[in-house]
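Asker: Got a structure for you, questions after.
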Amino acid sequence: MKTLKSIKQLYPYQFEGKNIGLSIARGWLPEFAELCKTIDELLGDNKRGFHWVQLKEKFGSARYYWSTKGKKDSLRFDLIAPSEVVSMEVRQPVSANQQQALFERISKVVGAAEAHTNKHCIVCGAPGKIDQKDGYVLVLCDLHAKQRLGGGDLGIWPPDEDE
Ligand SMILES: [Zn+2]
């Protein structure tokens, strides 16, 4: 089973530098591992100071914020509707510059990985849908939605392996 620790060991540079909290829900770890691998391949030999600034859950989906030397993550707004959460990005103007093109590609794969979490259970990664309870939105499969309804502990966040 994938853990955040094993992902850090594969791509240590992605976890260096300042961050304001890195948490990946259990069900989303395999997809996140794929994302780190894809980004590693896109970057090639020059890692450009790429690192995760914040990894968290918001409105039932993952939010993955990253930074590199010379480029900040784009601005983003979240809209919450009864059945889904729409995340809109305000993109910076695209220049012909190769580096800009690379950052656009990274933005795209990160966005796709975030969108994936909006459709997959935060606990187990099975196909799921938005589940609202007490005003708090989670994406859950049928099984875990039932478990949530029953008040069970879902164990969404794996224990911190570094401690
Ligand atoms: Zn589930």
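In the structure tokens, chains take letters A, B, ... by order of appearance, with residues numbered from 1 within each chain and ligands from 1 in the order shown.
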Using only C-alpha atoms and all ligand atoms, which protein or nucleic acid residues are at most 6 Å from ligand 1, as JSON, numbers by chain?
Answerer: {"A": [121, 123, 124, 126, 140, 141, 143, 144]}
Asker: Quick check for you: according to DSSP on this backbone, which residues of range 11-162 of chain A are classed as strand (DSSP E)? Reply as a PyMOL selection string.
Answerer: chain A and resi 51-58+61-68+71-72+75-80+85-90+129-133+136-140
Asker: Excluding Val109 in chain A and any residue of its chain fewer than 3 positions from it, enumerate the residues within 9 Å of it, using only C-alpha atoms, and give them as a PDB file with N, CA and C atoms, in the first residue's frame.
Answerer:
```
ATOM      1  N   LEU A  35       0.489  11.214  -9.725  1.00  0.00           N
ATOM      2  CA  LEU A  35       0.680  12.630 -10.053  1.00  0.00           C
ATOM      3  C   LEU A  35       2.144  13.039  -9.850  1.00  0.00           C
ATOM      4  N   THR A  38       4.187  11.637 -12.674  1.00  0.00           N
ATOM      5  CA  THR A  38       3.971  12.372 -13.927  1.00  0.00           C
ATOM      6  C   THR A  38       4.725  13.699 -13.913  1.00  0.00           C
ATOM      7  N   ILE A  39       4.650  14.398 -12.786  1.00  0.00           N
ATOM      8  CA  ILE A  39       5.337  15.685 -12.683  1.00  0.00           C
ATOM      9  C   ILE A  39       6.846  15.495 -12.768  1.00  0.00           C
ATOM     10  N   GLU A 104       2.245  25.180 -17.489  1.00  0.00           N
ATOM     11  CA  GLU A 104       0.852  24.977 -17.901  1.00  0.00           C
ATOM     12  C   GLU A 104       0.510  23.487 -17.891  1.00  0.00           C
ATOM     13  N   ARG A 105       1.456  22.666 -18.370  1.00  0.00           N
ATOM     14  CA  ARG A 105       1.229  21.215 -18.394  1.00  0.00           C
ATOM     15  C   ARG A 105       1.090  20.678 -16.974  1.00  0.00           C
ATOM     16  N   ILE A 106       1.956  21.182 -16.078  1.00  0.00           N
ATOM     17  CA  ILE A 106       1.876  20.735 -14.685  1.00  0.00           C
ATOM     18  C   ILE A 106       0.529  21.154 -14.085  1.00  0.00           C
ATOM     19  N   ALA A 112      -6.270  17.820 -13.150  1.00  0.00           N
ATOM     20  CA  ALA A 112      -6.938  16.553 -13.461  1.00  0.00           C
ATOM     21  C   ALA A 112      -6.939  15.630 -12.236  1.00  0.00           C
ATOM     22  N   ALA A 113      -5.828  15.626 -11.491  1.00  0.00           N
ATOM     23  CA  ALA A 113      -5.746  14.788 -10.294  1.00  0.00           C
ATOM     24  C   ALA A 113      -6.726  15.289  -9.229  1.00  0.00           C
ATOM     25  N   GLU A 114      -6.847  16.595  -9.107  1.00  0.00           N
ATOM     26  CA  GLU A 114      -7.817  17.157  -8.150  1.00  0.00           C
ATOM     27  C   GLU A 114      -9.244  16.784  -8.563  1.00  0.00           C
TER      28      GLU A 114
END
```
Asker: Could you name the residues that touch Arg63 in chain A at 10 Å or less, counting only C-alpha atoms, but leaving out those on the same chain fewer than 2 positions away, as a PyMOL selection string?
Answerer: chain A and resi 23-24+54-61+65-66+87+110-111+113-115+117
Asker: Go ahead and write the residues just picked, N, CA and C atoms, as a PDB file, in the first residue's frame.
Answerer:
```pdb
ATOM      1  N   SER A  23      -1.187  17.005   3.645  1.00  0.00           N
ATOM      2  CA  SER A  23      -2.014  15.875   4.068  1.00  0.00           C
ATOM      3  C   SER A  23      -2.716  15.286   2.855  1.00  0.00           C
ATOM      4  N   ILE A  24      -2.577  13.985   2.693  1.00  0.00           N
ATOM      5  CA  ILE A  24      -3.277  13.294   1.610  1.00  0.00           C
ATOM      6  C   ILE A  24      -4.190  12.253   2.239  1.00  0.00           C
ATOM      7  N   GLN A  54       1.048  23.164  -0.371  1.00  0.00           N
ATOM      8  CA  GLN A  54      -0.026  22.714   0.511  1.00  0.00           C
ATOM      9  C   GLN A  54      -0.811  21.597  -0.167  1.00  0.00           C
ATOM     10  N   LEU A  55      -1.083  20.553   0.609  1.00  0.00           N
ATOM     11  CA  LEU A  55      -1.917  19.450   0.139  1.00  0.00           C
ATOM     12  C   LEU A  55      -3.014  19.285   1.169  1.00  0.00           C
ATOM     13  N   LYS A  56      -4.257  19.443   0.736  1.00  0.00           N
ATOM     14  CA  LYS A  56      -5.330  19.360   1.716  1.00  0.00           C
ATOM     15  C   LYS A  56      -6.640  18.970   1.042  1.00  0.00           C
ATOM     16  N   GLU A  57      -7.645  18.810   1.877  1.00  0.00           N
ATOM     17  CA  GLU A  57      -8.982  18.515   1.380  1.00  0.00           C
ATOM     18  C   GLU A  57      -9.838  19.741   1.618  1.00  0.00           C
ATOM     19  N   LYS A  58     -10.638  20.098   0.610  1.00  0.00           N
ATOM     20  CA  LYS A  58     -11.543  21.237   0.767  1.00  0.00           C
ATOM     21  C   LYS A  58     -12.813  20.953  -0.017  1.00  0.00           C
ATOM     22  N   PHE A  59     -13.946  21.094   0.616  1.00  0.00           N
ATOM     23  CA  PHE A  59     -15.244  20.848  -0.028  1.00  0.00           C
ATOM     24  C   PHE A  59     -15.293  19.475  -0.695  1.00  0.00           C
ATOM     25  N   GLY A  60     -14.659  18.491  -0.117  1.00  0.00           N
ATOM     26  CA  GLY A  60     -14.759  17.135  -0.641  1.00  0.00           C
ATOM     27  C   GLY A  60     -13.738  16.755  -1.689  1.00  0.00           C
ATOM     28  N   SER A  61     -12.944  17.714  -2.163  1.00  0.00           N
ATOM     29  CA  SER A  61     -11.915  17.374  -3.154  1.00  0.00           C
ATOM     30  C   SER A  61     -10.543  17.704  -2.599  1.00  0.00           C
ATOM     31  N   TYR A  65      -1.503  22.492  -3.966  1.00  0.00           N
ATOM     32  CA  TYR A  65      -0.855  23.745  -4.314  1.00  0.00           C
ATOM     33  C   TYR A  65       0.647  23.524  -4.432  1.00  0.00           C
ATOM     34  N   TRP A  66       1.219  24.092  -5.463  1.00  0.00           N
ATOM     35  CA  TRP A  66       2.645  23.863  -5.721  1.00  0.00           C
ATOM     36  C   TRP A  66       3.316  25.157  -6.116  1.00  0.00           C
ATOM     37  N   SER A  87     -14.302  24.285  -9.281  1.00  0.00           N
ATOM     38  CA  SER A  87     -13.093  25.035  -8.988  1.00  0.00           C
ATOM     39  C   SER A  87     -12.641  25.750 -10.259  1.00  0.00           C
ATOM     40  N   VAL A 110      -2.137  18.503 -12.469  1.00  0.00           N
ATOM     41  CA  VAL A 110      -2.547  18.699 -11.080  1.00  0.00           C
ATOM     42  C   VAL A 110      -4.068  18.904 -11.025  1.00  0.00           C
ATOM     43  N   GLY A 111      -4.586  19.705 -11.946  1.00  0.00           N
ATOM     44  CA  GLY A 111      -6.033  19.937 -12.011  1.00  0.00           C
ATOM     45  C   GLY A 111      -6.803  18.664 -12.265  1.00  0.00           C
ATOM     46  N   ALA A 113      -5.828  15.626 -11.491  1.00  0.00           N
ATOM     47  CA  ALA A 113      -5.746  14.788 -10.294  1.00  0.00           C
ATOM     48  C   ALA A 113      -6.726  15.289  -9.229  1.00  0.00           C
ATOM     49  N   GLU A 114      -6.847  16.595  -9.107  1.00  0.00           N
ATOM     50  CA  GLU A 114      -7.817  17.157  -8.150  1.00  0.00           C
ATOM     51  C   GLU A 114      -9.244  16.784  -8.563  1.00  0.00           C
ATOM     52  N   ALA A 115      -9.524  16.902  -9.857  1.00  0.00           N
ATOM     53  CA  ALA A 115     -10.862  16.575 -10.361  1.00  0.00           C
ATOM     54  C   ALA A 115     -11.195  15.107 -10.096  1.00  0.00           C
ATOM     55  N   THR A 117     -10.286  13.363  -7.552  1.00  0.00           N
ATOM     56  CA  THR A 117     -10.653  13.168  -6.144  1.00  0.00           C
ATOM     57  C   THR A 117     -12.104  13.579  -5.886  1.00  0.00           C
TER      58      THR A 117
END
```
Asker: If we count only C-alpha atoms and set the cut-off at 10 Å, which residues sit around Glu16 in chain A, ignoring sequence neighbours fewer than 2 positions away in its own chain? Please answer as a list of chain:residue names.
Answerer: A:Lys8, A:Tyr11, A:Pro12, A:Tyr13, A:Gln14, A:Lys18, A:Asn19, A:Gly49, A:Phe50, A:His51, A:Trp52, A:Val53
Asker: From the DSSP assignment of the backbone, select every residue of range 2-159 of chain A that is helix (DSSP H, G or I), and format the answer as a PyMOL selection string.
Answerer: chain A and resi 4-10+12-15+26-43+98-117+142-149
Asker: Please compute the CA of His120 in chain A-CA of Leu4 in chain A distance, one decimal, in Å.
Answerer: 18.2 Å
Asker: Nearest to Ile122 in chain A: which of A:Asp134, A:Asp45, A:Glu84, A:Glu31 is it, counting only C-alpha atoms?
Answerer: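 For Ile122 in chain A, the nearest of the given residues is A:Glu31.
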Asker: One decimal, Å: what's the distance from CA of Lys5 in chain A over to CA of Leu154 in chain A, could you say?
Answerer: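 Rounded to one decimal, the two atoms are 20.9 Å apart.
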Asker: With distances taken over only C-alpha atoms, which residue among A:Glu41, A:Tyr64, A:Gly135, A:Gln9 lies nearest Gly21 in chain A?
Answerer: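 So, comparing all the options, the nearest one is A:Tyr64.
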Asker: When you draw a straight line from CA of Pro158 in chain A to CA of Gly17 in chain A, how long is it in Å?
Answerer: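 Separation of CA of Pro158 in chain A and CA of Gly17 in chain A: 22.5 Å.
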Asker: For each of A:Gln98, A:Trp28, A:Leu149, A:Gly44, take the minimum atom-to-atom distance to Asn118 in chain A, counting only C-alpha atoms, then give the residue where this is smallest.
Answerer: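 Once distances to Asn118 in chain A are computed over only C-alpha atoms, the minimum belongs to A:Trp28.
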